[in-house]
Amino acid sequence: MTTTTPSRGRRRAPSRMERAAGKAAALQRPRVILALLLLLALVCVMLLDGYLRAEVGGDQRVRTGASSSDVPDDILDGGPIVTFRGGQATTVSVPDKTIALTFDDGPNPTWTPQVLAILEQYDVPATFFLVGSMVSRYPGIVKDMVEQGHEVGIHTFTHVDLSYQSDTRVRREMEQTQLALAGAAGITTTLFRAPYSSETDAIDNYSWPVYKKLGQDGYTSVFVDTDSDDWKRPGVSKIVQWATPKKNKGASVLFHDAGGERSQTIKALPEYIEKMRAKGYTFTTISGVIEKQRQQAPAGAVPGAGASRLQAAHREATGAILYEGRALVAAVAVAEWAVPTLSVGLMVVGVAVMGRFGMMLVLARRHYRLRNRRRFSWGPPLTGPVSVIVPAYNEKECIANTLTSLARSTHPIEVIVVDDGSTDGTSEIARAAADELGMPDVRVIRQENAGKPAALNNGVRSARHDIVVMMDGDTVFEPDTVRRLVQPFADPEVGAVAGNAKVGNRDTVIGAWQHIEYVMGFNLDRRMYDLLRCMPTIPGAIGAFRREAVLQVGGMSEDTLAEDTDITIALHRAGWRVVYQEHARAWTEAPGSLKQLWSQRYRWSYGTMQALWKHRKSLTDKGPSGRFGRVGMPLVVLFQVVTPVFAPLIDVFTAYSMIFIDLKAALLAWFAVLGVQLVCAAYAFRLDREKYRYLLMMPLQQLAYRQMMYLVLIHSCVTALTGGRLRWQKLKRTGEVGTPAGAG
């Protein structure tokens with residue numbers, strides 16, 4: 001055994017890695033919070049959109065047949081306008097030959113503008129009772145409505161029967177609609193019409209307390225004298241007939257400008273206006289009716305009478321309500337844009353995910369058949385010695401197991417352990433293990449802490465052989481791993497080989513989840529990428545390289561956190577072929593806690609983004625570099641960045657659908673996707689000859705583990721967008737992966 005030690009100088013305390021880890025921890029927390037806030041914002045946007053569409057908080061109950069014994073007779077027999085001035089309930093009737101034209105359920109982007117155009121053409125004022133959720137979605141229509149001199153009232157925010165609702169819900173329905181009106185048109189209103197209401201004689205013991213409470217708050221409740229029943233779509237003539245008051249009486253007349261298909265209403269409205277005017281009727285608003293009573297003016301003056309008082313029910317929105325209203329309208333605008341976009345994104349993600357599964361299955365099967373044919377060969381068997389480089393930083397728990405596994409290698413090797421400034425006696429343990437195992441071809445090189453890329457480069461420079469195998473200090477090889485791993489170098493085009501990394505500590509829940517991910521997500525992918533000649537990553541746990549290829553591309557770079565991905569792409573761009581050797585297996589110790597797992601995957605995902613950005617020019621290059629840029633890079637971006645980032649949409653929409661839309665359909669869709677994933681995973685396990693019992697953990701993996709991976713990737717994207725930078729971080733090891741035997 002040979003030991004190389006750098007000149008002993010004054011060591012830095014704390015080490016470079018320790019300082020970097022401390023800075024990284026300080027920087028990660030706010031980015032984690034930002035990632036969580038982004039996910040929370042997505043959920044809030046969806047809930048807001050669902051609330052606007054009555055999918056959240058919707059209540060379709062409508063009360064009928066209730067007693068009205070508690071309602072005063074003068075209210076039941078009175079006019080359609082109920083006021084509570086001075087705390088006393090009184091009714092106001094519409095004067096003879098006067099029409100208070102009212103419209104419910106708007107605004108609607110299709111029908112309301114047509115109604116407004118007809119009213120403007122005939123110079124007829126009207127009162128629109130608006131649904132707050134629709135106001136917030138179509139604020140421009142409401143603004144036009146008010147500017148044209150029409151009057152608006154509240155028809156609740158979500159069109160619910162208030163007699164079923166609590167006082168808190170009633171207050172919220174009113175306040176939210178007022179906010180929507182303030183944001184849309186800069187006004188509030190004192191007029192109110194309850195959904196599903198008709199004439200005053202329909203007020204019952206459940207709704208009457210609601211009207212009284214609203215009256216105390218300053219609202220005027222408006223009912224109907226004459227109902228066109230246009231929502232039934234009985235035909236234009238019927239609508240006109242049903243909307244006409246009898247015996248020249250005045251009336252609060254109900255039409256609808258939303259809530260369904262309103263083409264008959266649009267056709268009936270001009271005919272109705274002309275008919276009423278021919279009979280000597282005047283059109284006014286609800287405020288106009290109240291003002292006429294107050295002034296005791298005679299009915300039936302001139303067309304358009306009461307227009308000067310159209311704004312009587314309106315109040316200018318100022319202060320907090322104005323700004324809160326604008327904020328509501330802005331938030332709804334975001335939701336109106338975001339949710340359809342997210343829906344389209346969900347479809348794209350779904351197609352991409354299913355396409356990926358299909359492509360993986362087809363290409364993995366082809367790869368397996370191609371590489372396992374009896375006559376398949378890379379060329380003449382390679383029997384010459386190779387160099388195995390083991391970068392190590394504080395690996396006292398694992399380094400002896402790693403060397404023990406290498407001592408059993410069936411292929412001649414030299415081992416170079418590069419101690420990257422360990423403080424736990426790693427180098428001493430390595431020397432003692434090599435002496436005990438009788439391994440004369442083990443060299444321990446010590447260097448000041450400089451990071452994994454520097455340690456690997458040090459090992460490459462010190463290697464005596466043309467082929468170098470790189471492995472982590474927490475990994476163990478099977479006896480024939482090195483022999484199998486180096487055989488593809490018989491092909492002179494091959495510059496690097498990726499081995500089959502296995503999770504050794506798979507007996508825990510976290511370990512089992514990672515085991516599924518390694519077998520399905522990593523190794524199945526590598527088969528696909530191998531056939532497409534665009535392998536993006538040689539795993540740090542097991543990979544082999546031509547020494548000249550590594551030196552040609554400048555060695556392991558410190559530009560990114562994913563030095564393995566970086567050099568793999570660099571080799572592609574330099575014209576070397578990178579292949580996958582499924583039978584060369586390495587057993588590695590996966591992170592044992594969620595915190596360590598987060599740290600590892602965060603580094604992987606962020607480092608991958610860095611490497612892709614570093615090699616972005618390959619998109620326009622020619623030759624092998626251009627091939628990777630136009631084939632490999634889009635696949636990596638789509639499958640490892642874009643799709644996982646947007647994949648939470650599937651879960652968010654599924655949860656949303658389960659709670660608010662259709663539980664059965666949502667569950668069927670979720671289980672269908674899970675079924676496809678299980679099929680792919682089962683096939684991957686079959687190819688790797690793994691035990692299927694671990695697949696029992698897959699449903700739980702989808703519910704918990706996958707969500708964490710989403711957050712990690714979002715965290716990485718946030719870091720990339722904010723220009724953050726991290727260093728290679730050391731995970732805590734236990735040394736429980738001692739030998740490959742029994743690991744499966």
# chains A, B, ... in the order shown; residues from 1 in each chain; ligands from 1
>>> closest_atom_pairs(of="region 72-149 of chain A", to="region 327-330 of chain A", cutoff="9 Å", atoms="only C-alpha atoms", output="tab-separated table")
residue	atom	partner	partner_atom	distance
A:Val135	CA	A:Val329	CA	8.5
A:Ser136	CA	A:Val329	CA	5.1
A:Arg137	CA	A:Val329	CA	7.2
A:Tyr138	CA	A:Val329	CA	8.8
A:Pro139	CA	A:Val329	CA	7.3
>>> select_by_dssp(residues="region 207-418 of chain A", states="strand (DSSP E or B)", output="ChimeraX atom specification")
/A:220-222,226-227,251-256,282-284,314-316,386-392,413-418
>>> write_last_selection(atoms="N, CA and C atoms", output="mmCIF file, in the first residue's frame")
data_model
loop_
_atom_site.group_PDB
_atom_site.id
_atom_site.type_symbol
_atom_site.label_atom_id
_atom_site.label_comp_id
_atom_site.auth_asym_id
_atom_site.auth_seq_id
_atom_site.Cartn_x
_atom_site.Cartn_y
_atom_site.Cartn_z
ATOM 1 N N THR A 220 -82.109 47.538 0.798
ATOM 2 C CA THR A 220 -83.491 47.498 0.321
ATOM 3 C C THR A 220 -83.679 46.206 -0.456
ATOM 4 N N SER A 221 -84.629 45.387 -0.043
ATOM 5 C CA SER A 221 -84.860 44.111 -0.712
ATOM 6 C C SER A 221 -85.899 44.293 -1.815
ATOM 7 N N VAL A 222 -85.611 43.726 -2.960
ATOM 8 C CA VAL A 222 -86.453 43.922 -4.145
ATOM 9 C C VAL A 222 -87.029 42.581 -4.592
ATOM 10 N N THR A 226 -94.091 40.885 -11.735
ATOM 11 C CA THR A 226 -94.366 40.151 -12.969
ATOM 12 C C THR A 226 -93.093 39.432 -13.406
ATOM 13 N N ASP A 227 -93.222 38.147 -13.651
ATOM 14 C CA ASP A 227 -92.053 37.329 -14.021
ATOM 15 C C ASP A 227 -92.194 36.869 -15.465
ATOM 16 N N ALA A 251 -95.253 47.574 -12.408
ATOM 17 C CA ALA A 251 -94.690 46.281 -12.013
ATOM 18 C C ALA A 251 -93.169 46.309 -11.983
ATOM 19 N N SER A 252 -92.635 45.547 -11.034
ATOM 20 C CA SER A 252 -91.221 45.172 -11.054
ATOM 21 C C SER A 252 -91.144 43.901 -11.883
ATOM 22 N N VAL A 253 -90.565 44.004 -13.063
ATOM 23 C CA VAL A 253 -90.596 42.917 -14.043
ATOM 24 C C VAL A 253 -89.235 42.217 -14.073
ATOM 25 N N LEU A 254 -89.251 40.895 -14.054
ATOM 26 C CA LEU A 254 -88.020 40.106 -14.004
ATOM 27 C C LEU A 254 -87.689 39.471 -15.349
ATOM 28 N N PHE A 255 -86.469 39.769 -15.821
ATOM 29 C CA PHE A 255 -85.839 39.056 -16.936
ATOM 30 C C PHE A 255 -84.508 38.502 -16.415
ATOM 31 N N HIS A 256 -83.835 37.736 -17.258
ATOM 32 C CA HIS A 256 -82.505 37.209 -16.908
ATOM 33 C C HIS A 256 -81.525 37.529 -18.039
ATOM 34 N N THR A 282 -93.964 53.811 -18.817
ATOM 35 C CA THR A 282 -92.670 54.449 -18.606
ATOM 36 C C THR A 282 -91.726 53.434 -17.953
ATOM 37 N N PHE A 283 -90.468 53.500 -18.325
ATOM 38 C CA PHE A 283 -89.457 52.618 -17.738
ATOM 39 C C PHE A 283 -88.605 53.404 -16.746
ATOM 40 N N THR A 284 -88.352 52.814 -15.605
ATOM 41 C CA THR A 284 -87.511 53.440 -14.588
ATOM 42 C C THR A 284 -86.740 52.349 -13.858
ATOM 43 N N HIS A 314 -76.537 53.842 -5.445
ATOM 44 C CA HIS A 314 -75.093 53.633 -5.497
ATOM 45 C C HIS A 314 -74.374 54.541 -4.510
ATOM 46 N N ARG A 315 -73.257 54.019 -3.987
ATOM 47 C CA ARG A 315 -72.373 54.805 -3.151
ATOM 48 C C ARG A 315 -70.971 54.689 -3.737
ATOM 49 N N GLU A 316 -70.258 55.790 -3.751
ATOM 50 C CA GLU A 316 -68.888 55.753 -4.266
ATOM 51 C C GLU A 316 -68.011 54.959 -3.303
ATOM 52 N N VAL A 386 -7.360 -1.971 -14.157
ATOM 53 C CA VAL A 386 -7.961 -0.632 -14.212
ATOM 54 C C VAL A 386 -7.774 0.038 -12.857
ATOM 55 N N SER A 387 -7.962 1.368 -12.840
ATOM 56 C CA SER A 387 -7.833 2.145 -11.601
ATOM 57 C C SER A 387 -9.222 2.443 -11.048
ATOM 58 N N VAL A 388 -9.403 2.190 -9.757
ATOM 59 C CA VAL A 388 -10.658 2.498 -9.076
ATOM 60 C C VAL A 388 -10.415 3.681 -8.141
ATOM 61 N N ILE A 389 -11.136 4.766 -8.369
ATOM 62 C CA ILE A 389 -10.951 5.991 -7.585
ATOM 63 C C ILE A 389 -12.106 6.113 -6.599
ATOM 64 N N VAL A 390 -11.763 6.305 -5.329
ATOM 65 C CA VAL A 390 -12.764 6.421 -4.273
ATOM 66 C C VAL A 390 -12.582 7.767 -3.567
ATOM 67 N N PRO A 391 -13.351 8.796 -3.941
ATOM 68 C CA PRO A 391 -13.277 10.060 -3.199
ATOM 69 C C PRO A 391 -13.961 9.888 -1.849
ATOM 70 N N ALA A 392 -13.336 10.406 -0.786
ATOM 71 C CA ALA A 392 -13.892 10.174 0.547
ATOM 72 C C ALA A 392 -13.746 11.415 1.405
ATOM 73 N N ILE A 413 -7.255 -4.673 -10.280
ATOM 74 C CA ILE A 413 -7.490 -3.241 -10.051
ATOM 75 C C ILE A 413 -6.399 -2.652 -9.175
ATOM 76 N N GLU A 414 -6.215 -1.360 -9.327
ATOM 77 C CA GLU A 414 -5.527 -0.569 -8.312
ATOM 78 C C GLU A 414 -6.578 0.360 -7.710
ATOM 79 N N VAL A 415 -6.462 0.632 -6.424
ATOM 80 C CA VAL A 415 -7.442 1.449 -5.729
ATOM 81 C C VAL A 415 -6.779 2.729 -5.245
ATOM 82 N N ILE A 416 -7.397 3.845 -5.563
ATOM 83 C CA ILE A 416 -6.895 5.148 -5.128
ATOM 84 C C ILE A 416 -7.971 5.787 -4.256
ATOM 85 N N VAL A 417 -7.713 5.866 -2.963
ATOM 86 C CA VAL A 417 -8.619 6.536 -2.036
ATOM 87 C C VAL A 417 -8.142 7.971 -1.874
ATOM 88 N N VAL A 418 -8.949 8.919 -2.289
ATOM 89 C CA VAL A 418 -8.586 10.340 -2.185
ATOM 90 C C VAL A 418 -9.340 10.915 -0.989
#
>>> closest_residue(among="A:Gln610, A:Thr404, A:Ser377, A:Asn523", to="Ala490 (chain A)", atoms="only C-alpha atoms")
A:Ser377
>>> select_by_dssp(residues="region 46-292 of chain A", states="helix (DSSP H, G or I)", output="NGL selection string")
:A and (46-52 or 73-76 or 85-87 or 112-122 or 132-137 or 139-147 or 162-164 or 167-185 or 200-202 or 208-216 or 230-232 or 236-243 or 263-278 or 286-292)
>>> residues_around(residues="Phe685 (chain A)", least_positions_apart="3", cutoff="9 Å", atoms="only C-alpha atoms", output="number ranges by chain")
A: 516, 519-520, 680-682, 688-692, 695
>>> closest_residue(among="A:Ile273, A:Val550, A:Leu162, A:Ala313", to="Asp123 (chain A)", atoms="only C-alpha atoms")
A:Ile273
>>> decode(residues="region 649-663 of chain A", atoms="N, CA, C and O atoms", output="short mmCIF file (atom, residue, chain, number, x, y, z; two decimals), in the first residue's frame")
data_model
loop_
_atom_site.label_atom_id
_atom_site.label_comp_id
_atom_site.auth_asym_id
_atom_site.auth_seq_id
_atom_site.Cartn_x
_atom_site.Cartn_y
_atom_site.Cartn_z
N LEU A 649 -49.68 19.24 -10.47
CA LEU A 649 -51.02 19.58 -10.95
C LEU A 649 -51.93 18.36 -10.94
O LEU A 649 -53.12 18.46 -10.63
N ILE A 650 -51.36 17.20 -11.26
CA ILE A 650 -52.17 15.99 -11.28
C ILE A 650 -52.73 15.72 -9.90
O ILE A 650 -53.92 15.45 -9.72
N ASP A 651 -51.87 15.83 -8.89
CA ASP A 651 -52.32 15.56 -7.52
C ASP A 651 -53.24 16.65 -7.00
O ASP A 651 -54.24 16.37 -6.32
N VAL A 652 -52.91 17.91 -7.31
CA VAL A 652 -53.74 19.01 -6.84
C VAL A 652 -55.13 18.93 -7.47
O VAL A 652 -56.15 19.06 -6.78
N PHE A 653 -55.18 18.72 -8.78
CA PHE A 653 -56.47 18.61 -9.45
C PHE A 653 -57.23 17.37 -8.98
O PHE A 653 -58.47 17.40 -8.87
N THR A 654 -56.51 16.29 -8.71
CA THR A 654 -57.18 15.09 -8.22
C THR A 654 -57.81 15.33 -6.86
O THR A 654 -58.97 14.99 -6.62
N ALA A 655 -57.03 15.95 -5.95
CA ALA A 655 -57.56 16.26 -4.63
C ALA A 655 -58.73 17.24 -4.73
O ALA A 655 -59.76 17.08 -4.06
N TYR A 656 -58.59 18.22 -5.59
CA TYR A 656 -59.65 19.20 -5.81
C TYR A 656 -60.92 18.51 -6.31
O TYR A 656 -62.03 18.76 -5.82
N SER A 657 -60.75 17.61 -7.28
CA SER A 657 -61.90 16.91 -7.85
C SER A 657 -62.55 15.99 -6.83
O SER A 657 -63.77 15.86 -6.78
N MET A 658 -61.71 15.33 -6.02
CA MET A 658 -62.26 14.43 -5.01
C MET A 658 -63.14 15.17 -4.01
O MET A 658 -64.20 14.70 -3.61
N ILE A 659 -62.69 16.35 -3.61
CA ILE A 659 -63.39 17.09 -2.57
C ILE A 659 -64.59 17.85 -3.11
O ILE A 659 -65.66 17.87 -2.50
N PHE A 660 -64.43 18.47 -4.28
CA PHE A 660 -65.43 19.44 -4.73
C PHE A 660 -66.24 19.02 -5.96
O PHE A 660 -67.27 19.63 -6.24
N ILE A 661 -65.78 18.04 -6.71
CA ILE A 661 -66.47 17.75 -7.98
C ILE A 661 -67.04 16.33 -7.99
O ILE A 661 -68.22 16.13 -7.76
N ASP A 662 -66.19 15.33 -8.27
CA ASP A 662 -66.70 13.97 -8.42
C ASP A 662 -65.68 13.01 -7.80
O ASP A 662 -64.65 12.70 -8.40
N LEU A 663 -65.96 12.57 -6.60
CA LEU A 663 -65.03 11.71 -5.86
C LEU A 663 -64.73 10.42 -6.63
O LEU A 663 -63.58 10.02 -6.77
#
